[in-house]
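Asker: I'm passing along my_file-v8.pdb; it holds PDB, C-alpha atoms and all ligand atoms.
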MODEL        1
ATOM      1  CA  MET X   6       6.552  10.436 -14.861  1.00  0.00           C
ATOM      2  CA  THR X   7       5.041   9.066 -11.635  1.00  0.00           C
ATOM      3  CA  PRO X   8       7.720   8.884  -8.940  1.00  0.00           C
ATOM      4  CA  ASN X   9       8.343   5.491  -7.381  1.00  0.00           C
ATOM      5  CA  ARG X  10       7.233   6.150  -3.809  1.00  0.00           C
ATOM      6  CA  ALA X  11       9.481   3.442  -2.338  1.00  0.00           C
ATOM      7  CA  ASP X  12      12.468   5.409  -3.678  1.00  0.00           C
ATOM      8  CA  GLN X  13      11.336   8.313  -1.512  1.00  0.00           C
ATOM      9  CA  ILE X  14      11.578   6.345   1.726  1.00  0.00           C
ATOM     10  CA  ALA X  15      14.702   6.270   3.898  1.00  0.00           C
ATOM     11  CA  VAL X  16      14.429   3.760   6.734  1.00  0.00           C
ATOM     12  CA  ALA X  17      16.174   4.860   9.944  1.00  0.00           C
ATOM     13  CA  LEU X  18      18.200   1.893  11.221  1.00  0.00           C
ATOM     14  CA  ASP X  19      18.405   3.153  14.796  1.00  0.00           C
ATOM     15  CA  THR X  20      20.021   0.338  16.734  1.00  0.00           C
ATOM     16  CA  SER X  21      23.377  -0.603  18.192  1.00  0.00           C
ATOM     17  CA  ASP X  22      22.521  -4.312  17.985  1.00  0.00           C
ATOM     18  CA  ARG X  23      24.448  -5.640  15.019  1.00  0.00           C
ATOM     19  CA  ASP X  24      22.190  -8.638  14.328  1.00  0.00           C
ATOM     20  CA  GLN X  25      19.158  -6.388  14.368  1.00  0.00           C
ATOM     21  CA  PHE X  26      20.905  -3.925  12.059  1.00  0.00           C
ATOM     22  CA  ARG X  27      21.834  -6.684   9.625  1.00  0.00           C
ATOM     23  CA  HIS X  28      18.290  -8.046   9.694  1.00  0.00           C
ATOM     24  CA  TRP X  29      16.778  -4.633   8.913  1.00  0.00           C
ATOM     25  CA  CYS X  30      19.262  -4.109   6.064  1.00  0.00           C
ATOM     26  CA  GLY X  31      18.013  -7.344   4.524  1.00  0.00           C
ATOM     27  CA  VAL X  32      14.325  -6.552   5.056  1.00  0.00           C
ATOM     28  CA  PHE X  33      14.283  -2.898   3.996  1.00  0.00           C
ATOM     29  CA  GLY X  34      17.367  -2.438   1.783  1.00  0.00           C
ATOM     30  CA  PRO X  35      15.972  -4.022  -1.386  1.00  0.00           C
ATOM     31  CA  ARG X  36      12.548  -2.376  -0.925  1.00  0.00           C
ATOM     32  CA  VAL X  37      13.260   1.329  -0.284  1.00  0.00           C
ATOM     33  CA  GLY X  38      15.364   4.125  -1.767  1.00  0.00           C
ATOM     34  CA  LEU X  39      17.788   4.593   1.101  1.00  0.00           C
ATOM     35  CA  LEU X  40      18.885   3.182   4.424  1.00  0.00           C
ATOM     36  CA  LYS X  41      19.677   5.788   7.066  1.00  0.00           C
ATOM     37  CA  VAL X  42      22.666   4.920   9.252  1.00  0.00           C
ATOM     38  CA  GLY X  43      22.587   7.008  12.402  1.00  0.00           C
ATOM     39  CA  LEU X  44      24.709   7.678  15.433  1.00  0.00           C
ATOM     40  CA  GLU X  45      23.816   4.497  17.314  1.00  0.00           C
ATOM     41  CA  ALA X  46      25.239   2.189  14.662  1.00  0.00           C
ATOM     42  CA  PHE X  47      28.034   4.486  13.445  1.00  0.00           C
ATOM     43  CA  VAL X  48      29.420   5.159  16.917  1.00  0.00           C
ATOM     44  CA  ARG X  49      29.408   1.417  17.569  1.00  0.00           C
ATOM     45  CA  TRP X  50      30.980   0.079  14.323  1.00  0.00           C
ATOM     46  CA  GLY X  51      31.950   3.112  12.257  1.00  0.00           C
ATOM     47  CA  PRO X  52      32.403   2.617   8.504  1.00  0.00           C
ATOM     48  CA  ALA X  53      31.580  -1.114   8.806  1.00  0.00           C
ATOM     49  CA  ALA X  54      27.946  -0.125   9.482  1.00  0.00           C
ATOM     50  CA  VAL X  55      27.902   1.921   6.279  1.00  0.00           C
ATOM     51  CA  GLU X  56      29.469  -0.892   4.305  1.00  0.00           C
ATOM     52  CA  GLU X  57      26.885  -3.330   5.567  1.00  0.00           C
ATOM     53  CA  ALA X  58      23.978  -1.037   4.646  1.00  0.00           C
ATOM     54  CA  ARG X  59      25.524  -0.248   1.254  1.00  0.00           C
ATOM     55  CA  ALA X  60      25.400  -3.906   0.352  1.00  0.00           C
ATOM     56  CA  SER X  61      21.628  -3.602  -0.074  1.00  0.00           C
ATOM     57  CA  ALA X  62      20.795   0.086  -0.694  1.00  0.00           C
ATOM     58  CA  ARG X  63      22.031   3.652  -1.081  1.00  0.00           C
ATOM     59  CA  VAL X  64      23.003   5.163   2.260  1.00  0.00           C
ATOM     60  CA  PHE X  65      22.119   8.336   4.125  1.00  0.00           C
ATOM     61  CA  LEU X  66      24.660   8.874   6.919  1.00  0.00           C
ATOM     62  CA  ASP X  67      22.953  10.886   9.630  1.00  0.00           C
ATOM     63  CA  LEU X  68      25.867  12.150  11.726  1.00  0.00           C
ATOM     64  CA  LYS X  69      24.412  15.619  12.447  1.00  0.00           C
ATOM     65  CA  LEU X  70      27.861  17.196  12.505  1.00  0.00           C
ATOM     66  CA  HIS X  71      28.167  20.456  14.449  1.00  0.00           C
ATOM     67  CA  ASP X  72      31.610  21.950  15.132  1.00  0.00           C
ATOM     68  CA  ILE X  73      33.936  24.682  13.890  1.00  0.00           C
ATOM     69  CA  PRO X  74      34.141  24.884  10.082  1.00  0.00           C
ATOM     70  CA  ASN X  75      37.602  23.303   9.790  1.00  0.00           C
ATOM     71  CA  THR X  76      36.601  20.254  11.868  1.00  0.00           C
ATOM     72  CA  VAL X  77      33.299  19.738  10.067  1.00  0.00           C
ATOM     73  CA  ALA X  78      35.022  20.067   6.676  1.00  0.00           C
ATOM     74  CA  GLY X  79      37.524  17.391   7.731  1.00  0.00           C
ATOM     75  CA  ALA X  80      34.741  15.075   8.857  1.00  0.00           C
ATOM     76  CA  VAL X  81      32.788  15.554   5.610  1.00  0.00           C
ATOM     77  CA  GLU X  82      35.987  14.939   3.667  1.00  0.00           C
ATOM     78  CA  ALA X  83      36.384  11.625   5.533  1.00  0.00           C
ATOM     79  CA  VAL X  84      32.728  10.731   4.904  1.00  0.00           C
ATOM     80  CA  SER X  85      33.311  11.348   1.177  1.00  0.00           C
ATOM     81  CA  ASP X  86      35.399   8.183   1.045  1.00  0.00           C
ATOM     82  CA  LEU X  87      32.566   6.016   2.393  1.00  0.00           C
ATOM     83  CA  GLY X  88      30.387   6.046  -0.725  1.00  0.00           C
ATOM     84  CA  VAL X  89      27.237   7.429   0.892  1.00  0.00           C
ATOM     85  CA  ASP X  90      24.697   9.635  -0.890  1.00  0.00           C
ATOM     86  CA  TYR X  91      23.959  12.071   1.944  1.00  0.00           C
ATOM     87  CA  VAL X  92      25.505  13.285   5.192  1.00  0.00           C
ATOM     88  CA  THR X  93      23.892  15.645   7.696  1.00  0.00           C
ATOM     89  CA  VAL X  94      25.254  18.686   9.536  1.00  0.00           C
ATOM     90  CA  HIS X  95      23.418  21.048  11.878  1.00  0.00           C
ATOM     91  CA  ALA X  96      22.240  24.270  10.211  1.00  0.00           C
ATOM     92  CA  SER X  97      22.712  26.051  13.540  1.00  0.00           C
ATOM     93  CA  GLY X  98      26.494  25.774  12.950  1.00  0.00           C
ATOM     94  CA  GLY X  99      26.071  28.882  10.784  1.00  0.00           C
ATOM     95  CA  ALA X 100      26.932  29.974   7.250  1.00  0.00           C
ATOM     96  CA  GLU X 101      30.693  29.509   7.464  1.00  0.00           C
ATOM     97  CA  MET X 102      30.355  25.955   8.768  1.00  0.00           C
ATOM     98  CA  LEU X 103      27.690  25.068   6.191  1.00  0.00           C
ATOM     99  CA  ARG X 104      29.844  26.428   3.350  1.00  0.00           C
ATOM    100  CA  ALA X 105      32.881  24.484   4.587  1.00  0.00           C
ATOM    101  CA  ALA X 106      30.800  21.281   4.742  1.00  0.00           C
ATOM    102  CA  ALA X 107      29.266  21.770   1.301  1.00  0.00           C
ATOM    103  CA  GLU X 108      32.658  22.505  -0.263  1.00  0.00           C
ATOM    104  CA  ALA X 109      34.265  19.473   1.396  1.00  0.00           C
ATOM    105  CA  GLY X 110      31.526  17.196   0.056  1.00  0.00           C
ATOM    106  CA  GLN X 111      31.513  18.712  -3.437  1.00  0.00           C
ATOM    107  CA  GLY X 112      30.719  16.060  -6.031  1.00  0.00           C
ATOM    108  CA  ARG X 113      31.207  13.147  -3.623  1.00  0.00           C
ATOM    109  CA  VAL X 114      28.569  13.388  -0.875  1.00  0.00           C
ATOM    110  CA  ARG X 115      25.532  15.641  -0.705  1.00  0.00           C
ATOM    111  CA  VAL X 116      25.305  17.707   2.474  1.00  0.00           C
ATOM    112  CA  LEU X 117      21.911  18.120   4.142  1.00  0.00           C
ATOM    113  CA  ALA X 118      21.430  20.738   6.859  1.00  0.00           C
ATOM    114  CA  VAL X 119      19.279  19.674   9.810  1.00  0.00           C
ATOM    115  CA  THR X 120      17.128  22.659  10.711  1.00  0.00           C
ATOM    116  CA  LEU X 121      15.146  22.198  13.908  1.00  0.00           C
ATOM    117  CA  LEU X 122      14.975  18.656  15.299  1.00  0.00           C
ATOM    118  CA  THR X 123      11.482  17.210  15.072  1.00  0.00           C
ATOM    119  CA  HIS X 124      11.199  16.571  18.810  1.00  0.00           C
ATOM    120  CA  MET X 125      11.348  20.350  19.378  1.00  0.00           C
ATOM    121  CA  ASP X 126       8.358  22.674  19.442  1.00  0.00           C
ATOM    122  CA  ALA X 127       7.738  26.326  20.361  1.00  0.00           C
ATOM    123  CA  GLU X 128       7.849  25.458  24.067  1.00  0.00           C
ATOM    124  CA  SER X 129      11.202  23.636  23.838  1.00  0.00           C
ATOM    125  CA  LEU X 130      12.581  26.584  21.848  1.00  0.00           C
ATOM    126  CA  ALA X 131      11.408  29.017  24.521  1.00  0.00           C
ATOM    127  CA  GLY X 132      13.239  26.834  27.073  1.00  0.00           C
ATOM    128  CA  LEU X 133      16.434  27.568  25.122  1.00  0.00           C
ATOM    129  CA  GLY X 134      15.697  31.294  25.179  1.00  0.00           C
ATOM    130  CA  VAL X 135      14.629  31.331  21.515  1.00  0.00           C
ATOM    131  CA  GLU X 136      11.321  33.101  21.024  1.00  0.00           C
ATOM    132  CA  GLY X 137       9.032  32.809  18.018  1.00  0.00           C
ATOM    133  CA  PRO X 138       7.413  30.039  16.015  1.00  0.00           C
ATOM    134  CA  PRO X 139       9.560  27.064  14.876  1.00  0.00           C
ATOM    135  CA  GLU X 140       8.604  27.556  11.214  1.00  0.00           C
ATOM    136  CA  VAL X 141      10.252  30.989  11.035  1.00  0.00           C
ATOM    137  CA  LEU X 142      13.515  29.635  12.424  1.00  0.00           C
ATOM    138  CA  VAL X 143      13.367  26.620  10.089  1.00  0.00           C
ATOM    139  CA  SER X 144      12.754  28.892   7.128  1.00  0.00           C
ATOM    140  CA  THR X 145      15.730  31.128   7.996  1.00  0.00           C
ATOM    141  CA  TRP X 146      18.064  28.170   8.548  1.00  0.00           C
ATOM    142  CA  ALA X 147      16.985  26.345   5.371  1.00  0.00           C
ATOM    143  CA  ARG X 148      17.585  29.508   3.309  1.00  0.00           C
ATOM    144  CA  LEU X 149      21.017  29.826   4.924  1.00  0.00           C
ATOM    145  CA  ALA X 150      21.768  26.202   3.989  1.00  0.00           C
ATOM    146  CA  ALA X 151      20.684  26.766   0.383  1.00  0.00           C
ATOM    147  CA  ASP X 152      22.734  29.968   0.103  1.00  0.00           C
ATOM    148  CA  SER X 153      25.747  28.152   1.578  1.00  0.00           C
ATOM    149  CA  GLY X 154      25.719  25.464  -1.103  1.00  0.00           C
ATOM    150  CA  CYS X 155      24.072  22.595   0.802  1.00  0.00           C
ATOM    151  CA  ALA X 156      22.088  20.115  -1.303  1.00  0.00           C
ATOM    152  CA  GLY X 157      19.056  20.217   0.947  1.00  0.00           C
ATOM    153  CA  ALA X 158      17.609  20.453   4.433  1.00  0.00           C
ATOM    154  CA  VAL X 159      15.953  18.233   6.991  1.00  0.00           C
ATOM    155  CA  CYS X 160      12.767  19.704   8.446  1.00  0.00           C
ATOM    156  CA  SER X 161       9.500  18.502   9.950  1.00  0.00           C
ATOM    157  CA  PRO X 162       6.526  17.840   7.644  1.00  0.00           C
ATOM    158  CA  HIS X 163       4.927  20.974   9.118  1.00  0.00           C
ATOM    159  CA  GLU X 164       7.452  23.225   7.401  1.00  0.00           C
ATOM    160  CA  VAL X 165       7.801  21.471   4.041  1.00  0.00           C
ATOM    161  CA  ALA X 166       5.130  23.377   2.110  1.00  0.00           C
ATOM    162  CA  ARG X 167       6.552  26.724   3.176  1.00  0.00           C
ATOM    163  CA  LEU X 168      10.137  25.742   2.313  1.00  0.00           C
ATOM    164  CA  ARG X 169       9.017  24.264  -1.019  1.00  0.00           C
ATOM    165  CA  SER X 170       7.518  27.616  -1.962  1.00  0.00           C
ATOM    166  CA  GLU X 171      10.546  29.601  -0.790  1.00  0.00           C
ATOM    167  CA  LEU X 172      13.471  27.548  -2.133  1.00  0.00           C
ATOM    168  CA  PRO X 173      14.606  26.281  -5.553  1.00  0.00           C
ATOM    169  CA  ARG X 174      12.969  23.001  -6.680  1.00  0.00           C
ATOM    170  CA  SER X 175      16.375  21.316  -6.802  1.00  0.00           C
ATOM    171  CA  PHE X 176      16.882  21.869  -3.054  1.00  0.00           C
ATOM    172  CA  VAL X 177      16.147  18.489  -1.431  1.00  0.00           C
ATOM    173  CA  LEU X 178      13.613  18.505   1.409  1.00  0.00           C
ATOM    174  CA  VAL X 179      13.845  15.580   3.807  1.00  0.00           C
ATOM    175  CA  THR X 180      11.289  14.987   6.536  1.00  0.00           C
ATOM    176  CA  PRO X 181      11.476  12.776   9.617  1.00  0.00           C
ATOM    177  CA  GLY X 182       8.593  12.855  12.088  1.00  0.00           C
ATOM    178  CA  ILE X 183       6.576  10.575   9.803  1.00  0.00           C
ATOM    179  CA  ARG X 184       3.739   8.717  11.478  1.00  0.00           C
ATOM    180  CA  PRO X 185       1.086   6.656   9.653  1.00  0.00           C
ATOM    181  CA  ALA X 186      -2.428   7.500  10.898  1.00  0.00           C
ATOM    182  CA  GLY X 187      -2.963   6.056  14.374  1.00  0.00           C
ATOM    183  CA  ALA X 188       0.737   5.338  15.039  1.00  0.00           C
ATOM    184  CA  PRO X 189       2.178   6.614  18.343  1.00  0.00           C
ATOM    185  CA  SER X 190       4.218   9.813  17.980  1.00  0.00           C
ATOM    186  CA  ASP X 191       6.921   8.569  20.420  1.00  0.00           C
ATOM    187  CA  ASP X 192       9.229  11.540  21.181  1.00  0.00           C
ATOM    188  CA  GLN X 193       8.389  13.335  17.918  1.00  0.00           C
ATOM    189  CA  LYS X 194       6.269  16.505  18.135  1.00  0.00           C
ATOM    190  CA  ARG X 195       5.914  17.998  14.641  1.00  0.00           C
ATOM    191  CA  THR X 196       4.590  14.910  12.807  1.00  0.00           C
ATOM    192  CA  ALA X 197       2.458  14.039   9.741  1.00  0.00           C
ATOM    193  CA  THR X 198       1.428  10.955   7.785  1.00  0.00           C
ATOM    194  CA  PRO X 199       3.567   9.863   4.815  1.00  0.00           C
ATOM    195  CA  ALA X 200       0.876  11.004   2.347  1.00  0.00           C
ATOM    196  CA  GLU X 201       0.612  14.430   3.988  1.00  0.00           C
ATOM    197  CA  ALA X 202       4.392  14.925   3.916  1.00  0.00           C
ATOM    198  CA  LEU X 203       4.608  14.016   0.216  1.00  0.00           C
ATOM    199  CA  ALA X 204       1.613  16.202  -0.634  1.00  0.00           C
ATOM    200  CA  ALA X 205       3.357  19.101   1.124  1.00  0.00           C
ATOM    201  CA  GLY X 206       6.356  18.668  -1.192  1.00  0.00           C
ATOM    202  CA  ALA X 207       8.844  16.445   0.659  1.00  0.00           C
ATOM    203  CA  ASP X 208      11.377  14.655  -1.564  1.00  0.00           C
ATOM    204  CA  LEU X 209      12.419  12.054   0.958  1.00  0.00           C
ATOM    205  CA  LEU X 210      10.643  10.668   4.030  1.00  0.00           C
ATOM    206  CA  VAL X 211      12.666   9.316   6.957  1.00  0.00           C
ATOM    207  CA  VAL X 212      10.751   6.574   8.752  1.00  0.00           C
ATOM    208  CA  GLY X 213      12.091   4.714  11.762  1.00  0.00           C
ATOM    209  CA  ARG X 214      10.042   3.236  14.573  1.00  0.00           C
ATOM    210  CA  PRO X 215       6.724   2.903  12.691  1.00  0.00           C
ATOM    211  CA  LEU X 216       8.609   0.306  10.579  1.00  0.00           C
ATOM    212  CA  THR X 217      11.462  -0.962  12.746  1.00  0.00           C
ATOM    213  CA  GLY X 218       9.308  -1.123  15.886  1.00  0.00           C
ATOM    214  CA  SER X 219       6.635  -3.214  14.205  1.00  0.00           C
ATOM    215  CA  ASP X 220       6.167  -6.905  14.994  1.00  0.00           C
ATOM    216  CA  ASN X 221       6.165  -7.464  11.249  1.00  0.00           C
ATOM    217  CA  PRO X 222       8.417  -4.807   9.633  1.00  0.00           C
ATOM    218  CA  ARG X 223       7.914  -6.127   6.101  1.00  0.00           C
ATOM    219  CA  ALA X 224       4.105  -5.924   6.424  1.00  0.00           C
ATOM    220  CA  ALA X 225       4.386  -2.457   8.003  1.00  0.00           C
ATOM    221  CA  LEU X 226       6.390  -1.265   4.980  1.00  0.00           C
ATOM    222  CA  ARG X 227       3.912  -2.863   2.586  1.00  0.00           C
ATOM    223  CA  ARG X 228       1.040  -1.021   4.321  1.00  0.00           C
ATOM    224  CA  LEU X 229       2.920   2.269   4.290  1.00  0.00           C
ATOM    225  CA  LEU X 230       3.658   1.966   0.561  1.00  0.00           C
ATOM    226  CA  ALA X 231       0.089   0.878  -0.219  1.00  0.00           C
ATOM    227  CA  GLY X 232      -1.089   4.138   1.389  1.00  0.00           C
ATOM    228  CA  LEU X 233       1.081   6.008  -1.121  1.00  0.00           C
ATOM    229  CA  SER X 234      -0.245   4.365  -4.287  1.00  0.00           C
ATOM    230  CA  PRO X 235      -1.190   6.957  -6.948  1.00  0.00           C
ATOM    231  CA  ARG X 236      -4.885   5.942  -6.621  1.00  0.00           C
ATOM    232  CA  LYS X 237      -4.904   6.456  -2.831  1.00  0.00           C
ATOM    233  CA  LEU X 238      -3.086   9.789  -3.124  1.00  0.00           C
ATOM    234  CA  ALA X 239      -5.457  11.006  -5.854  1.00  0.00           C
ATOM    235  CA  ARG X 240      -8.485  10.053  -3.728  1.00  0.00           C
ATOM    236  CA  ARG X 241      -7.082  12.007  -0.803  1.00  0.00           C
ATOM    237  CA  SER X 242      -6.400  15.184  -2.788  1.00  0.00           C
ATOM    238  CA  GLY X 243      -9.623  14.968  -4.847  1.00  0.00           C
TER     239      GLY X 243
HETATM  240  O1  LIG P 301      11.710   6.488  14.728  1.00  0.00           O
HETATM  241  P1  LIG P 301      11.477   7.779  13.994  1.00  0.00           P
HETATM  242  O2  LIG P 301      10.637   7.619  12.751  1.00  0.00           O
HETATM  243  O3  LIG P 301      10.971   8.869  14.914  1.00  0.00           O
HETATM  244  O4  LIG P 301      12.937   8.179  13.510  1.00  0.00           O
HETATM  245  C1  LIG P 301      13.254   9.418  13.000  1.00  0.00           C
HETATM  246  C2  LIG P 301      14.694   9.437  12.585  1.00  0.00           C
HETATM  247  O5  LIG P 301      14.970  10.688  12.011  1.00  0.00           O
HETATM  248  C3  LIG P 301      15.707   9.240  13.708  1.00  0.00           C
HETATM  249  O6  LIG P 301      16.771   8.451  13.171  1.00  0.00           O
HETATM  250  C4  LIG P 301      16.206  10.625  14.032  1.00  0.00           C
HETATM  251  O7  LIG P 301      17.562  10.628  14.412  1.00  0.00           O
HETATM  252  C5  LIG P 301      16.051  11.323  12.692  1.00  0.00           C
HETATM  253  N1  LIG P 301      15.818  12.763  12.716  1.00  0.00           N
HETATM  254  C6  LIG P 301      14.764  13.365  13.385  1.00  0.00           C
HETATM  255  N2  LIG P 301      14.599  14.722  13.357  1.00  0.00           N
HETATM  256  C7  LIG P 301      15.436  15.473  12.659  1.00  0.00           C
HETATM  257  C8  LIG P 301      16.496  14.891  11.954  1.00  0.00           C
HETATM  258  C9  LIG P 301      16.647  13.521  11.988  1.00  0.00           C
HETATM  259  O8  LIG P 301      13.960  12.657  13.984  1.00  0.00           O
HETATM  260  N3  LIG P 301      15.236  16.782  12.575  1.00  0.00           N
ENDMDL
END
Starting from the file, lay out its structure as structure tokens.
Answerer:
Amino acid sequence: MTPNRADQIAVALDTSDRDQFRHWCGVFGPRVGLLKVGLEAFVRWGPAAVEEARASARVFLDLKLHDIPNTVAGAVEAVSDLGVDYVTVHASGGAEMLRAAAEAGQGRVRVLAVTLLTHMDAESLAGLGVEGPPEVLVSTWARLAADSGCAGAVCSPHEVARLRSELPRSFVLVTPGIRPAGAPSDDQKRTATPAEALAAGADLLVVGRPLTGSDNPRAALRRLLAGLSPRKLARRSG
């Protein structure tokens, strides 16, 4: 069965302006698979932001939790009551923290482990005293997340193909850093177009500014989805 590409898009609602947030929920909610509620909105209005997004779509709560296992488990437990599909934690919290998060979410919210943030590259890693290519670190952390019971991982489009070949098919791969051809990369470093990310094996694409920063967000989404039509994708791979 051909997947519905719109279902594979999560729009990042990165704003602390409530009117803007509400407007984006109305524009994108009925047209994509998920709305991503991030720190800006959640820190400002908490669960009310989730409730508002849930009125028009499934929700991905991107809290990027990173703390000792007991604290993260408690936070995931609290998230479980909000009715969201996904919540994120940082893979760098380690196996014990990832296991605690996955167990706390069991059956109620799916835990995704953020590997290496997409604004980081080999140079930024070296600045932290971590040597070696980003893809090796991402691969190690994604494997750790899978072995710890997480539902999936967040990685850049550059690492998707490798992770797809290394991890079970049921492990969900989510990629931010999505930029349609010609769009500015902003602060993202490891980017790809939506078609490239899907071809590499991503299950879910997180797209923010290329849609929310557009003068006409609805038209920007229409263009993005048109670029993912089966005919366009076939032409690109043929
Ligand atoms: O605007 P843009 O498309 O760059 O937004 C990307 C979104 O994905 C942001 O909400 C950001 O917090 C999130 N994200 C990311 N890199 C990760 C994980 C999440 O950019 N590794």
Asker: What is the atom CA of Val42 of chain X-atom CA of Lys194 of chain X distance in Å, reported with one decimal?
Answerer: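 Interatomic distance, atom CA of Val42 of chain X to atom CA of Lys194 of chain X: 22.0 Å.
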Asker: Report as number ranges by chain which protein, DNA and RNA residues come within 8 Å of ligand LIG 301 (chain P), using all atoms listed in the file.
Answerer: X: 17-19, 41-44, 67, 69, 119-124, 159-161, 180-184, 190-193, 211-217
Asker: Could you tell me, as a list in words, exactly which residues end up selected when the PyMOL selection byres (((chain X and resi 154) around 8) and not hetatm) is applied to this structure?
Answerer: Leu103, Arg104, Ala107, Glu108, Ala150, Ala151, Asp152, Ser153, Cys155 and Ala156 of chain X
Asker: Could you check how far atom CA of Arg169 of chain X sits from atom CA of Gly206 of chain X, in Å to one decimal?
Answerer: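 Separation between atom CA of Arg169 of chain X and atom CA of Gly206 of chain X: 6.2 Å.
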Asker: Which value, in Å to one decimal, gives the distance between atom CA of Ala224 of chain X and atom CA of Asp24 of chain X?
Answerer: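 Separation between atom CA of Ala224 of chain X and atom CA of Asp24 of chain X: 19.9 Å.
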Asker: Contacts of Pro139 of chain X at 8 Å or less, counting all atoms listed in the file, minus same-chain residues fewer than 6 places along, as a list in words?
Answerer: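 Here the answer would be Leu121, Asp126, Ala127 and Leu130 of chain X.
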Asker: Check what the PyMOL selection byres (((chain X and resi 186) around 12) and not hetatm) selects in the file above and give those residues as a VMD selection string.
Answerer: chain X and resid 183 to 185 187 to 190 196 to 201 215 228 to 229 232
Asker: Which residues are near segment 80-82 of chain X? Cut-off 12 Å, only C-alpha atoms, ignore same chain within fewer than 6 positions. Put them as a PyMOL selection string.
Answerer: chain X and resi 66-74+88-94+102-117
Asker: Using all atoms of segment 98-101 of chain X listed in the file and a margin of 3 Å per side, can you give the axis-aligned box centre and edge lengths in Å to one decimal, as lines of an AutoDock Vina configuration file?
Answerer:
center_x = 28.4
center_y = 27.9
center_z = 10.1
size_x = 10.6
size_y = 10.2
size_z = 11.7
